[in-house]
Amino acid sequence: MSEKFDVIVVGAGPSGNAAAYTAAKAGLSVLQIERGEYPGSKNVQGAILYANALEQIIPDFREDAPLERHIIEQRMWVLDEQSFVGTHFRSDDYNKPPYNRYTIIRAQFDKWFSSKVKEAGALVICETTVDSLLMDGDQVVGVRCDRQGGEVFADVVILADGVNSTLARKAGFHGEIEAKNVALAVKEILFMPQETIEARFNVKDEEGVVIEMFGKITDGLMGTGFLYTNRDSITLGVGCMLSDFKENPNRTAPYAMLEKMKAHPSIAPLIAGGEMKEYCAHLIPEGGFYAVPKVVGNGWMIVGDSGGFVNATHREGSNLAMTTGRLAAETAIAAKTAGKGFNAKALANYKAALDESFVMKDLHKYRDMPNVFHDNSQFFTTYPELVNRAAQTMLTVDGIDKKTKEKEIFSSFRKSRTLAGLAGDAFKLWRAFR
Amino acid sequence: MHIVVCIKQVPDSAQIRVHPVTNTIMRQGVPAIVNPYDLFALEEALRLKDQFGGKVTMLCMGPPQAEDALKKCISFGADDAVLVTDRAFAGADTLATSYALAAAVRQISREQKVDIVFTGKQTIDGDTAQVGPGIAKRLGLQLLTYVSRIAEVDIENDRITVERRAEGGVQVLRTAMPCLITMLEGTNEMRFAPLENMIHAARYPVRKWSKEAAGIEDITKIGLKGSPTVVSKVFGPTPRAEKALMQSVEDASPRDVTLNVIQKIFTQHPTLERDILAKATV
């Protein structure tokens with residue numbers, strides 16, 4: 001006889017763990033099913049942990065979660081082949097606990113998060129793949145796994161199965177995921193002594209630095225690069241839209257892009273001597289607001305990457321994942337208490353809660369961003385070059401008067417973009433950020 | 001039939017990393033697994049249970065998180081699991097470990113008589129193959145090491161016949177039970193647990209025994225105190241010095257090139273030619 005749980009959570013990433021933890025903590029019987037060898041074995045992220053989303057779930061997480069460094073400085077670099085123009089924001093306010101952001105190593109963090117899920121009372125089983133959803137008419141009533149006797153039932157199934165969202169697709173809840181809506185990112189973890197990192201980035205103890213980059217490193221494709229300081233390693237990665245990789249006439253492979261990035265004269269000295277110990281690749285759903293599918297139905301809810309909950313503009317994902325997971329679990333808890341069944345109507349509050357939260361508000365705010373950048377590659381090619389050249393022209397002292405230099409810079413912009421084009425680009429950006 | 005299977009939780013050596021700076025082993029983030037050799041022992045035990053009925057009890061000594069390894073064995077079909085865990089066991093070598101495990105087996109056999117104790121051939125982190133024989137010796141069990149097949153079990157007369165891989169052939173051994181078998185790798189294939197077992201295992205309350213519960217009185221025989229082995233130094237293997245020599249030869253045919261190279265090798269190693277010729281004439 002197959003068992004029945006209150007909630008089945010498919011997947012043990014940030015959204016799945018948040019959902020399983022929240023539901024189990026409230027006393028619901030929870031079964032979490034993960035296909036990897038252990039929770040976290042298949043999970044990849046940059047990785048920055050935004051404290052707030054986790055605080056809402058585990059308020060005292062700082063006591064035992066494996067955290068690397070808290071971020072006190074954020075740099076934004078616009079790169080040319082030889083140079084970069086950038087901004088640094090560093091504040092001692094970020095040194096006052098409780099800290100706002102941390103670098104983490106997901107393999108360790110996920111193990112910790114999963115241990116909390118188990119402590120909360122959820123049953124976690126690994127090395128088990130959910131093949132399909134069990135339906136009773138149009139109501140989801142459980143899942144079928146790839147093991148003998150693999151049917152198990154639940155009032156609510158929370159789909160946290162990641163970016164490919166296989167289960168929802170198979171069940172026909174949404175269509176194929178489009179290449180233009182996912183980014184392919186690759187990263188390396190480079191180990192070096194703690195003192196080296198602290199000297200190179202001007203930090204001490206557990207302080208950390210984030211560098212977000214865009215420009216020539218992405219070979220003219222829509223994408224960004226990043227560098228994060230961990231305790232005794234540096235994470236360096238780059239990602240571009242999958243469709244762009246496909247259509248790129250240069251056929252640059254993601255790892256080749258990363259190699260080129262590592263050789264950039266402004267990046268190479270920061271990572272010199274680092275020993276590469278980990279290489280990962282992952283898809284990130286970056287379609288934004290318009291790519292979010294239907295996320296709730298009869299007996300099911302979609303959370304995290306499976307629902308496309310990533311704010312690409314601000315490089316946020318895991319916090320949206322945890323928040324969606326928590327809200328889905330809270331919806332399930334409320335439905336259980338109300339005792340009026342678990343159909344789409346009974347779970348409708350999940351969508352309402354999402355709309356009320358920063359998750360959908362932020363995605364809505366930046367709804368046009370993916371399209372603007374996608375259709376206007378000048379933001380990743382022409383402008384980085386122009387800005388870098390302008391800086392170089394102004395800062396090189398060579399006997400030419402500043403007025404002439406200004407004219408030269410202006411004409412270089414005019415040559416690359418018409419006045420209308422420049423104004424148009426500014427307008428597009430303003431509209432998208434508004 | 002009551003079978004005890006001893007396992008160890010080990011770091012997955014395929015994923016282990018040596019810290020590039022401190023040269024120490026980095027266990028952080030390295031997944032812990034059931035020692036792969038032990039799984040052959042478990043599968044063999046489960047097959048005996050399938051055939052003759054009875055019970056399989058898992059036994060492990062280790063830190064609290066070794067509970068996961070035992071739960072995994074429950075999912076494969078083991079009936080009960082005991083984790084012997086106590087700070088006093090820390091730093092144990094194979095002598096101290098076999099002492100503690102032997103005490104625990106004795107304790108388990110007080111609950112129900114034990115017919116066979118299984119262990120893997122060795123662990124992948126220690127590679128000593130000493131703990132199994134150590135337990136057998138301490139409990140006075142018949143010892144069967146490197147067993148590749150269990151040929152026959154005669155429950156009526158407490159007799160067991162096994163095949164043991166030995167240098168140059170296979171030994172067929174018959175002995176009396178209770179006995180201790182260390183199982184060779186590759187002798188069977190672990191079953192795929194049904195979903196029901198996975199859920200049962202996730203829920204299973206592994207029994208945790210302190211040193212007292214395991215029936216250990218003499219604390220000078222366990223942990224660091226009971227371990228005469230001392231790790232004096234840990235270092236990575238030094239790469240071997242380059243042994244290859246470049247020989248430039250200009251003969252036309254491959255045969256001449258080969259003869260020329262052989263001649264040059266013999267010139268550098270005078271005894272080599274004599275040894276090879278001596279062997280060739282035998």
# chains A, B, ... in the order shown; residues from 1 in each chain; ligands from 1

$ interface_residues --of "chain A" --to "chain B" --cutoff "10 Å" --atoms "only C-alpha atoms" --output "NGL selection string"
:A and (1-3 or 31-33 or 37-38 or 40-41 or 105-111 or 118 or 121-128 or 144-152 or 191-194 or 232 or 274-277)

$ atom_distance --atom1 "CA of Val10 in chain B" --atom2 "CA of Ser210 in chain B"
20.5 Å

$ select_by_dssp --residues "range 132-167 of chain B" --states "helix (DSSP H, G or I)" --output "list in words"
Gly132, Pro133, Gly134, Ile135, Ala136, Lys137, Arg138 and Leu139 of chain B

$ residues_around --residues "range 137-147 of chain B" --least-positions-apart "5" --cutoff "10 Å" --atoms "only C-alpha atoms" --output "number ranges by chain"
B: 41, 98-99, 101-103, 105-106, 115-122, 129, 131-132, 161-166, 170-185, 187

$ write_last_selection --atoms "N, CA and C atoms" --output "short mmCIF file (atom, residue, chain, number, x, y, z; two decimals), in the first residue's frame"
data_model
loop_
_atom_site.label_atom_id
_atom_site.label_comp_id
_atom_site.auth_asym_id
_atom_site.auth_seq_id
_atom_site.Cartn_x
_atom_site.Cartn_y
_atom_site.Cartn_z
N ALA B 41 29.65 -7.02 0.99
CA ALA B 41 29.34 -7.83 2.17
C ALA B 41 27.85 -7.75 2.49
N SER B 98 38.77 -2.59 16.14
CA SER B 98 38.29 -3.97 16.20
C SER B 98 37.90 -4.34 17.63
N TYR B 99 38.53 -3.72 18.60
CA TYR B 99 38.16 -3.97 19.99
C TYR B 99 36.74 -3.49 20.25
N LEU B 101 34.35 -2.75 18.01
CA LEU B 101 33.35 -3.44 17.20
C LEU B 101 33.09 -4.85 17.74
N ALA B 102 34.16 -5.50 18.20
CA ALA B 102 33.99 -6.85 18.76
C ALA B 102 33.07 -6.79 19.98
N ALA B 103 33.28 -5.76 20.81
CA ALA B 103 32.43 -5.61 21.99
C ALA B 103 30.98 -5.41 21.58
N VAL B 105 29.54 -6.40 18.76
CA VAL B 105 29.00 -7.65 18.21
C VAL B 105 28.59 -8.57 19.36
N ARG B 106 29.43 -8.61 20.38
CA ARG B 106 29.13 -9.44 21.55
C ARG B 106 27.80 -8.98 22.16
N ASP B 115 25.17 -15.64 13.72
CA ASP B 115 25.74 -16.77 12.98
C ASP B 115 26.93 -16.36 12.12
N ILE B 116 26.79 -15.22 11.45
CA ILE B 116 27.88 -14.76 10.58
C ILE B 116 28.10 -13.27 10.80
N VAL B 117 29.36 -12.87 10.85
CA VAL B 117 29.70 -11.44 10.82
C VAL B 117 30.35 -11.18 9.47
N PHE B 118 29.85 -10.19 8.75
CA PHE B 118 30.45 -9.81 7.47
C PHE B 118 31.19 -8.49 7.60
N THR B 119 32.28 -8.37 6.88
CA THR B 119 32.89 -7.05 6.67
C THR B 119 33.32 -7.00 5.21
N GLY B 120 33.65 -5.80 4.75
CA GLY B 120 34.23 -5.68 3.42
C GLY B 120 35.67 -6.16 3.46
N LYS B 121 36.27 -6.24 2.31
CA LYS B 121 37.66 -6.68 2.21
C LYS B 121 38.57 -5.73 2.98
N GLN B 122 38.31 -4.44 2.80
CA GLN B 122 39.07 -3.40 3.48
C GLN B 122 38.30 -2.09 3.26
N ALA B 129 42.76 -3.61 5.78
CA ALA B 129 42.17 -4.96 5.82
C ALA B 129 42.44 -5.65 7.16
N VAL B 131 40.67 -4.73 10.30
CA VAL B 131 39.60 -4.68 11.29
C VAL B 131 38.79 -5.99 11.32
N GLY B 132 38.47 -6.51 10.11
CA GLY B 132 37.72 -7.77 10.05
C GLY B 132 38.43 -8.88 10.81
N THR B 161 30.51 -23.32 3.56
CA THR B 161 31.57 -23.58 2.58
C THR B 161 31.70 -22.36 1.69
N VAL B 162 32.90 -21.88 1.58
CA VAL B 162 33.11 -20.67 0.75
C VAL B 162 34.27 -20.87 -0.20
N GLU B 163 34.28 -20.03 -1.23
CA GLU B 163 35.44 -19.97 -2.11
C GLU B 163 36.23 -18.73 -1.75
N ARG B 164 37.52 -18.90 -1.65
CA ARG B 164 38.37 -17.80 -1.23
C ARG B 164 39.42 -17.59 -2.31
N ARG B 165 39.55 -16.36 -2.75
CA ARG B 165 40.55 -16.10 -3.78
C ARG B 165 41.93 -16.04 -3.13
N ALA B 166 42.80 -16.86 -3.63
CA ALA B 166 44.16 -16.88 -3.09
C ALA B 166 45.13 -16.72 -4.25
N VAL B 170 41.88 -20.68 -6.44
CA VAL B 170 40.75 -20.51 -5.54
C VAL B 170 40.79 -21.60 -4.49
N GLN B 171 40.69 -21.22 -3.23
CA GLN B 171 40.61 -22.21 -2.17
C GLN B 171 39.15 -22.45 -1.83
N VAL B 172 38.76 -23.70 -1.64
CA VAL B 172 37.41 -24.00 -1.16
C VAL B 172 37.55 -24.38 0.30
N LEU B 173 36.92 -23.54 1.16
CA LEU B 173 37.09 -23.75 2.60
C LEU B 173 35.76 -24.08 3.25
N ARG B 174 35.79 -25.03 4.18
CA ARG B 174 34.58 -25.33 4.94
C ARG B 174 34.91 -25.14 6.42
N THR B 175 34.00 -24.48 7.11
CA THR B 175 34.25 -24.28 8.53
C THR B 175 32.93 -24.24 9.30
N ALA B 176 33.05 -24.06 10.60
CA ALA B 176 31.87 -24.02 11.45
C ALA B 176 31.42 -22.58 11.65
N MET B 177 30.13 -22.41 11.79
CA MET B 177 29.61 -21.09 12.16
C MET B 177 29.48 -21.08 13.69
N PRO B 178 29.57 -19.94 14.35
CA PRO B 178 29.70 -18.59 13.79
C PRO B 178 31.09 -18.32 13.19
N CYS B 179 31.07 -17.51 12.14
CA CYS B 179 32.33 -17.18 11.48
C CYS B 179 32.31 -15.72 11.04
N LEU B 180 33.47 -15.23 10.66
CA LEU B 180 33.55 -13.87 10.13
C LEU B 180 34.07 -13.94 8.71
N ILE B 181 33.34 -13.30 7.81
CA ILE B 181 33.70 -13.33 6.39
C ILE B 181 34.06 -11.94 5.92
N THR B 182 35.23 -11.77 5.32
CA THR B 182 35.50 -10.50 4.64
C THR B 182 35.30 -10.74 3.16
N MET B 183 34.41 -9.95 2.59
CA MET B 183 33.93 -10.21 1.23
C MET B 183 34.76 -9.44 0.21
N LEU B 184 35.06 -10.14 -0.87
CA LEU B 184 35.85 -9.55 -1.95
C LEU B 184 34.96 -8.67 -2.83
N GLU B 185 35.55 -7.67 -3.47
CA GLU B 185 34.76 -6.78 -4.33
C GLU B 185 34.41 -7.47 -5.65
N THR B 187 31.98 -9.31 -6.39
CA THR B 187 31.43 -10.66 -6.31
C THR B 187 29.92 -10.68 -6.46
#

$ closest_residue --among "B:Asp80, B:Asp256, B:Asp158, B:Glu44" --to "Cys60 in chain B" --atoms "only C-alpha atoms"
B:Asp80

$ closest_residue --among "A:Gly239, A:Gly317, A:Pro293, A:Pro265" --to "Ala253 in chain A" --atoms "only C-alpha atoms"
A:Gly239

$ atom_distance --atom1 "CA of Asp375 in chain A" --atom2 "CA of Met257 in chain A"
21.2 Å

$ atom_distance --atom1 "CA of Gly236 in chain B" --atom2 "CA of Thr128 in chain B"
18.3 Å

$ closest_residue --among "A:Ala168, A:Ile72, A:Leu79, A:Ile158" --to "Ala391 in chain A" --atoms "only C-alpha atoms"
A:Leu79
